[in-house]
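**Q** Once you've had a glance at the structure underneath, I'll fire off some questions.
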Amino acid sequence: MKEIEKMLSGMLYQASDETLSKMRDQAKNLMYDYNHLRPSDHHQKDKLLSELLGSKGHDVYMNQPIYVDYGKHIYIGDHFFSNYDCTFLDVAKITIGNNVMFGPKVSLLTATHPLDKKVRNEQYEYGLPITIKDDVWIGGNVVVNPGVTIGSGVVVGSGSVVTKDLPDDTLCYGNPCRVIRKLTHEDKTYWEAEKALSLKNK
């Protein structure tokens with residue numbers, strides 16, 4: 001079994017494998033090119049993201065700089081925004097749904113290491129996938145750990161460390177991140193009224 005197959009299946013693998021090293025170098029070159037483009041060069045930014053990522057939908061905007069391991073294991077839906085300095089360690093699959101927003105310095109970390117020091121010091125590691133469903137807002141400086149699924153409609157407060165799955169339509173924050181409350185019809189009513197007031201005062 002090849003090391004990349006082990007990696008993507010969640011098994012222990014050797015990150016120093018030649019094929020994986022070449023893939024990371026290729027991603028770093030694309031990442032470097034992307035991060036050094038003029039911010040207003042939207043056409044070239046979109047082109048480089050298409051080369052770097054596994055797939056992306058329409059209206060994907062990622063403020064520079066961004067950081068990835070491979071890029072090709074990141075799958076992003078429509079209408080995605082990430083603010084400055086976000087990190088995507090994609091040794092396992094990262095799946096992001098539609099209408100998702102990240103604050104600055106969000107980190108999605110699929111990579112992890114053995115607890116046993118002997119095995120860890122032999123440079124074995126493994127990864128677990130991260131899934132973020134539709135209509136999610138993740139605040140700045142949030143860390144999402146390996147194997148986590150964030151349900152649809154979730155809001156994650158700034159500075160949280162997400163170690164477990166989060167259910168749909170909840171407000172969550174803390175270290176470790178926990179569910180604070182359900183998002184309700186009252187929330188929807190309040191923010192629709194605020195939007196109407198804003199439109200009225202154009």
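Letters A, B, ... mark the chains of the structure tokens in the order given; residue numbers begin at 1 per chain; ligand numbers begin at 1, in order shown.
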Would you mind writing down, as a ChimeraX atom specification, each residue of range 131-181 of chain A that DSSP on the backbone assigns to strand (DSSP E)?
**A** /A:131-132,137-138,143-144,149-150,155-156,161-162,170-173,178-181
**Q** Those same residues, written as a compact mmCIF listing (two decimals), in the first residue's frame with C-alpha atoms?
**A**
# COMPACT_ATOMS: atom_id res chain seq x y z
CA THR A 131 -16.35 18.34 7.53
CA ILE A 132 -18.01 21.75 7.75
CA TRP A 137 -19.72 31.03 10.47
CA ILE A 138 -16.44 30.39 12.29
CA VAL A 143 -8.89 25.71 15.86
CA VAL A 144 -10.80 22.71 14.46
CA THR A 149 -17.89 17.57 11.81
CA ILE A 150 -19.52 20.98 12.25
CA VAL A 155 -21.83 29.73 14.70
CA VAL A 156 -18.47 29.11 16.41
CA VAL A 161 -10.89 24.91 20.13
CA VAL A 162 -13.30 22.44 18.50
CA THR A 170 -26.24 26.00 17.47
CA LEU A 171 -24.12 28.78 18.96
CA CYS A 172 -20.90 27.23 20.24
CA TYR A 173 -17.73 28.55 21.84
CA ARG A 178 -19.24 23.42 23.65
CA VAL A 179 -22.85 24.11 22.68
CA ILE A 180 -24.08 27.28 24.39
CA ARG A 181 -27.62 27.27 22.97
**Q** Please, which residues of range 32-153 of chain A, numbered as in this document, come out helix (DSSP H, G or I) from DSSP, as a list in words?
**A**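 Of range 32-153 of chain A, the ones in helix (DSSP H, G or I) are Tyr32, Asp33, Tyr34, Asn35, His42, His43, Gln44, Lys45, Asp46, Lys47, Leu48, Leu49, Ser50, Glu51, Leu52, Lys117, Lys118, Val119, Arg120 and Asn121 of chain A.
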**Q** Counting only C-alpha atoms, what is within 6 Å of Phe80 in chain A, bar same-chain residues fewer than 4 positions away, as JSON, numbers by chain?
**A** {"A": [60, 99, 100, 101]}
**Q** Save the residues we just selected, N, CA and C atoms, as a PDB file, in the first residue's frame?
**A**
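Wrote it out as selection_24.pdb, contents follow:
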ATOM      1  N   VAL A  60     -15.766  31.851  -4.479  1.00  0.00           N
ATOM      2  CA  VAL A  60     -14.849  31.449  -3.400  1.00  0.00           C
ATOM      3  C   VAL A  60     -13.779  32.522  -3.275  1.00  0.00           C
ATOM      4  N   ASN A  99     -21.995  28.603   1.512  1.00  0.00           N
ATOM      5  CA  ASN A  99     -22.296  29.748   2.387  1.00  0.00           C
ATOM      6  C   ASN A  99     -21.586  29.640   3.736  1.00  0.00           C
ATOM      7  N   VAL A 100     -20.285  29.449   3.668  1.00  0.00           N
ATOM      8  CA  VAL A 100     -19.461  29.312   4.874  1.00  0.00           C
ATOM      9  C   VAL A 100     -18.504  30.499   4.956  1.00  0.00           C
ATOM     10  N   MET A 101     -18.328  31.031   6.168  1.00  0.00           N
ATOM     11  CA  MET A 101     -17.419  32.162   6.387  1.00  0.00           C
ATOM     12  C   MET A 101     -16.455  31.848   7.525  1.00  0.00           C
TER      13      MET A 101
END
**Q** Considering only C-alpha atoms, tabulate each residue of range 84-134 of chain A that lies at most 12 Å from range 48-58 of chain A along with its nearest interatomic pair and the corresponding distance in Å to one decimal; arrange the rows by chain and ascending residue number and present them as JSON lines.
**A**
{"residue": "A:Phe88", "atom": "CA", "partner": "A:Leu53", "partner_atom": "CA", "distance": 10.7}
{"residue": "A:Asp90", "atom": "CA", "partner": "A:Leu53", "partner_atom": "CA", "distance": 10.2}
{"residue": "A:Ala92", "atom": "CA", "partner": "A:Gly54", "partner_atom": "CA", "distance": 11.8}
{"residue": "A:Lys93", "atom": "CA", "partner": "A:Gly54", "partner_atom": "CA", "distance": 9.4}
{"residue": "A:Ile94", "atom": "CA", "partner": "A:Gly54", "partner_atom": "CA", "distance": 9.5}
{"residue": "A:Thr95", "atom": "CA", "partner": "A:Ser55", "partner_atom": "CA", "distance": 9.7}
{"residue": "A:Ile96", "atom": "CA", "partner": "A:Lys56", "partner_atom": "CA", "distance": 9.3}
{"residue": "A:Gly97", "atom": "CA", "partner": "A:Gly57", "partner_atom": "CA", "distance": 9.3}
{"residue": "A:Asn98", "atom": "CA", "partner": "A:Gly57", "partner_atom": "CA", "distance": 8.3}
{"residue": "A:Asn99", "atom": "CA", "partner": "A:His58", "partner_atom": "CA", "distance": 10.4}
{"residue": "A:Val100", "atom": "CA", "partner": "A:Gly57", "partner_atom": "CA", "distance": 11.7}
